[in-house]
Amino acid sequence: MAVAKTPGHGPLTGVRVVELAGIGPGPFAAMLLGDLGADVVRVDRPGGAGLAVNPLYDVTNRNKRSVIVDLKSPDGPDAVLDLAERADILIEGYRPGVAERLGVGPETCHARNPRLVYGRMTGWGQQGPLAQRAGHDIAYIALTGTLGMTGAPGTPPVAPANLLGDYAGGSLYLVVGVLAALHHARATGAGQVVDAAIVDGTAHLSAMIHGMLAAGGWQDRRAANLLDGGCPFYGTYETADGRYMAVGALEQQFYAEFVDLLGIGDRAPARKDTAAWGELRETVTARFKTRTRDEWTAVFEGSDACVAPVLSLREAPQHPHLAARGTFTDFGGITQPAPAPRFSATHTSVRGGPAQPGADTADVAHDWGISGLLKDASCQDASCQDASRKDGFSTGAPPPDASVPDPDRHRPPGRTLPPLERPDS
């Protein structure tokens with residue numbers, strides 16, 4: 001597998017981000033900012049954020065540094081406010097009102113740093129009847145109508161992992177929002193609050209579909225439309241070995257090549273003959289079951305029929321096109337997606353593996369000029385305490401060489417995290 005070779009730090013080099021630890025869309029958004037070159041400091045809580053994954057493998061915490069702060073301790077809020085005072089962006093994913101109760105809400109942060117962009121990541125948003133309700137991706141996309149578009153008729157809607165809500169409707173909109181607000185803050189000197197709600201972002205993703213619905217070009221039911229599996233030349237088909245091929249031959253020239261290579265060109269109806277779609281689907285289904293996925297892949301190789309094999313997560317990095325582009329990379333023994341998108345001048349890269357809770361406290365205290373991080377009673381991480389004793393930084397002396405990596409920085413932790421739960425109450 002080709003490894004993405006993208007030296008440098010990215011277009012956000014010099015931007016400082018504080019991430020108040022959570023799970024799901026907030027960490028992914030902060031990872032994206034880190035991938036783009038920002039200096040992301042994740043403020044972990046004692047005991048972890050609650051994600052039931054060993055933090056050594058949580059790649060959404062790559063390209064970050066971690067400190068531990070107990071926001072419920074007397075000195076905890078001040079430590080976060082010291083970070084916020086020096087930051088460009090702060091991201092939190094608590095329920096509405098929680099950050100305020102902890103003493104690190106937007107008003108308090110802006111009193112220390114008027115230019116700060118304060119990003120709020122929630123499912124339901126900061127206002128509305130459901131704002132205080134718990135939830136997860138599947139509930140958010142359910143109310144927006146987007147979940148109801150998935151799956152075959154007569155069967156339950158299909159949950160698209162947490163990609164559609166948490167990451168597409170949540171993380172990406174938060175990143176767009178905070179970067180737009182950062183542009184405004186640098187032009188005017190005034191920061192602001194960005195309310196990124198998954199329900200808002202996911203609904204926004206369906207803008208084209210709503211336009212088609214209003215124009216009469218989309219039926220408000222599943223598998224009855226051009227792009228939702230209703231069209232026989234836009235969907236997936238099982239092969240002889242129980243695997244699948246994906247077909248997207250929408251335009252006439254692509255459709256013609258598709259039916260020809262599939263071997264049904266002599267009896268395939270015109271693509272616009274919707275009355276014959278049922279019969280066409282049966283014919284296509286039967287043909288795909290005559291060969292294996294790899295055999296069909298070879299048939300369509302090099303064509304414009306818009307047909308591709310459906311690969312698994314472990315297969316995808318090995319695909320020749322993705323390997324040639326370095327779409328996936330190996331870092332620290334973990335195969336993972338490389339940073340995206342790509343830049344011609346300010347190249348991005350995976351610069352560090354998943355930040356281990358509290359492992360970077362000494363470095364952050366030095367680089368951000370906040371010696372109080374080392375004095376915080378909540379700093380229970382052994383590396384933090386050892387750094388405080390051996391550096392003497394808490395008494396004003398600089399660390400011996402902050403550029404020398406700590407060989408124990410990414411050592412697997414000796415304990416497990418608690419079960420998955422939202423850290424927003």
# chains A, B, ... in the order shown; residues from 1 in each chain; ligands from 1

$ residues_around --residues "Asp266 (chain A)" --least-positions-apart "6" --cutoff "12 Å" --atoms "only C-alpha atoms" --output "PyMOL selection string"
chain A and resi 256+259-260+283

$ write_last_selection --atoms "N, CA and C atoms" --output "compact mmCIF listing (two decimals), in the first residue's frame"
# COMPACT_ATOMS: atom_id res chain seq x y z
N ALA A 256 -25.37 2.91 -21.98
CA ALA A 256 -25.16 2.07 -23.17
C ALA A 256 -23.94 1.18 -22.99
N VAL A 259 -24.82 -1.70 -20.23
CA VAL A 259 -25.62 -2.85 -20.66
C VAL A 259 -24.88 -3.68 -21.70
N ASP A 260 -24.01 -3.04 -22.49
CA ASP A 260 -23.23 -3.79 -23.47
C ASP A 260 -22.22 -4.71 -22.78
N THR A 283 -33.35 -8.57 -14.86
CA THR A 283 -32.34 -9.00 -15.83
C THR A 283 -30.93 -8.71 -15.32

$ residues_around --residues "Thr274 (chain A)" --least-positions-apart "3" --cutoff "12 Å" --atoms "only C-alpha atoms" --output "list in words"
Ala224, Asn225, Leu226, Gly230, Cys231, Pro232, Phe233, Pro269, Ala270, Arg271, Trp277, Gly278, Glu279, Leu280 and Arg281 of chain A

$ write_last_selection --atoms "C-alpha atoms" --output "CSV table (one decimal), in the first residue's frame"
chain,number,residue,atom,x,y,z
A,224,ALA,CA,-38.7,5.0,-6.0
A,225,ASN,CA,-36.2,7.6,-7.3
A,226,LEU,CA,-33.1,8.0,-9.5
A,230,GLY,CA,-35.2,2.8,-7.2
A,231,CYS,CA,-33.4,3.1,-10.5
A,232,PRO,CA,-32.1,-0.2,-11.8
A,233,PHE,CA,-28.9,1.3,-13.2
A,269,PRO,CA,-35.0,-1.2,-22.6
A,270,ALA,CA,-34.4,2.5,-23.1
A,271,ARG,CA,-33.1,4.0,-19.8
A,277,TRP,CA,-37.5,-0.7,-14.7
A,278,GLY,CA,-38.8,-3.7,-12.8
A,279,GLU,CA,-38.0,-6.1,-15.7
A,280,LEU,CA,-34.6,-4.4,-16.2
A,281,ARG,CA,-33.7,-4.9,-12.6

$ residues_around --residues "region 7-17 of chain A" --least-positions-apart "5" --cutoff "9 Å" --atoms "only C-alpha atoms" --output "PyMOL selection string"
chain A and resi 30+33-42+83-84+86-91+343+345-351

$ select_by_dssp --residues "region 61-144 of chain A" --states "strand (DSSP E or B)" --output "ChimeraX atom specification"
/A:64-68,89-92,117-122

$ write_last_selection --atoms "N, CA, C and O atoms" --output "mmCIF file, in the first residue's frame"
data_model
loop_
_atom_site.group_PDB
_atom_site.id
_atom_site.type_symbol
_atom_site.label_atom_id
_atom_site.label_comp_id
_atom_site.auth_asym_id
_atom_site.auth_seq_id
_atom_site.Cartn_x
_atom_site.Cartn_y
_atom_site.Cartn_z
ATOM 1 N N LYS A 64 -2.982 15.883 17.396
ATOM 2 C CA LYS A 64 -3.407 16.695 18.532
ATOM 3 C C LYS A 64 -2.412 16.501 19.673
ATOM 4 O O LYS A 64 -1.572 15.595 19.651
ATOM 5 N N ARG A 65 -2.564 17.346 20.697
ATOM 6 C CA ARG A 65 -1.861 17.147 21.958
ATOM 7 C C ARG A 65 -2.902 17.149 23.073
ATOM 8 O O ARG A 65 -3.958 17.769 22.934
ATOM 9 N N SER A 66 -2.594 16.453 24.146
ATOM 10 C CA SER A 66 -3.586 16.296 25.211
ATOM 11 C C SER A 66 -3.062 16.794 26.552
ATOM 12 O O SER A 66 -1.909 16.553 26.918
ATOM 13 N N VAL A 67 -3.947 17.481 27.257
ATOM 14 C CA VAL A 67 -3.712 17.821 28.663
ATOM 15 C C VAL A 67 -4.929 17.315 29.439
ATOM 16 O O VAL A 67 -6.003 17.121 28.872
ATOM 17 N N ILE A 68 -4.759 17.082 30.718
ATOM 18 C CA ILE A 68 -5.872 16.661 31.564
ATOM 19 C C ILE A 68 -6.238 17.800 32.503
ATOM 20 O O ILE A 68 -5.377 18.335 33.207
ATOM 21 N N ILE A 89 -9.625 29.233 18.270
ATOM 22 C CA ILE A 89 -10.886 28.478 18.186
ATOM 23 C C ILE A 89 -11.009 27.598 19.417
ATOM 24 O O ILE A 89 -10.021 27.016 19.883
ATOM 25 N N LEU A 90 -12.209 27.492 19.951
ATOM 26 C CA LEU A 90 -12.526 26.513 21.000
ATOM 27 C C LEU A 90 -13.714 25.697 20.537
ATOM 28 O O LEU A 90 -14.681 26.247 20.002
ATOM 29 N N ILE A 91 -13.644 24.391 20.752
ATOM 30 C CA ILE A 91 -14.727 23.479 20.372
ATOM 31 C C ILE A 91 -15.200 22.732 21.601
ATOM 32 O O ILE A 91 -14.402 22.184 22.358
ATOM 33 N N GLU A 92 -16.514 22.722 21.811
ATOM 34 C CA GLU A 92 -17.104 21.919 22.887
ATOM 35 C C GLU A 92 -18.358 21.235 22.376
ATOM 36 O O GLU A 92 -19.019 21.723 21.466
ATOM 37 N N VAL A 117 -13.205 32.262 18.463
ATOM 38 C CA VAL A 117 -14.327 31.591 17.792
ATOM 39 C C VAL A 117 -14.723 30.408 18.665
ATOM 40 O O VAL A 117 -13.917 29.501 18.885
ATOM 41 N N TYR A 118 -15.940 30.436 19.149
ATOM 42 C CA TYR A 118 -16.422 29.429 20.103
ATOM 43 C C TYR A 118 -17.381 28.493 19.372
ATOM 44 O O TYR A 118 -18.514 28.842 19.062
ATOM 45 N N GLY A 119 -16.904 27.290 19.048
ATOM 46 C CA GLY A 119 -17.697 26.333 18.280
ATOM 47 C C GLY A 119 -18.444 25.368 19.182
ATOM 48 O O GLY A 119 -17.839 24.705 20.017
ATOM 49 N N ARG A 120 -19.757 25.263 18.992
ATOM 50 C CA ARG A 120 -20.598 24.389 19.805
ATOM 51 C C ARG A 120 -21.166 23.276 18.931
ATOM 52 O O ARG A 120 -21.861 23.531 17.949
ATOM 53 N N MET A 121 -20.857 22.036 19.300
ATOM 54 C CA MET A 121 -21.275 20.869 18.525
ATOM 55 C C MET A 121 -22.322 20.094 19.311
ATOM 56 O O MET A 121 -22.034 19.558 20.378
ATOM 57 N N THR A 122 -23.541 20.076 18.796
ATOM 58 C CA THR A 122 -24.615 19.309 19.432
ATOM 59 C C THR A 122 -25.441 18.609 18.358
ATOM 60 O O THR A 122 -25.317 18.888 17.169
#

$ atom_distance --atom1 "CA of Tyr167 (chain A)" --atom2 "CA of Arg325 (chain A)"
23.0 Å

$ select_by_dssp --residues "region 198-314 of chain A" --states "alpha helix (DSSP H)" --output "PyMOL selection string"
chain A and resi 198-205+207-214+252-262+277-288+293-300

$ residues_around --residues "region 292-304 of chain A" --least-positions-apart "4" --cutoff "12 Å" --atoms "only C-alpha atoms" --output "PyMOL selection string"
chain A and resi 236-263+287-288+308-311+319-321
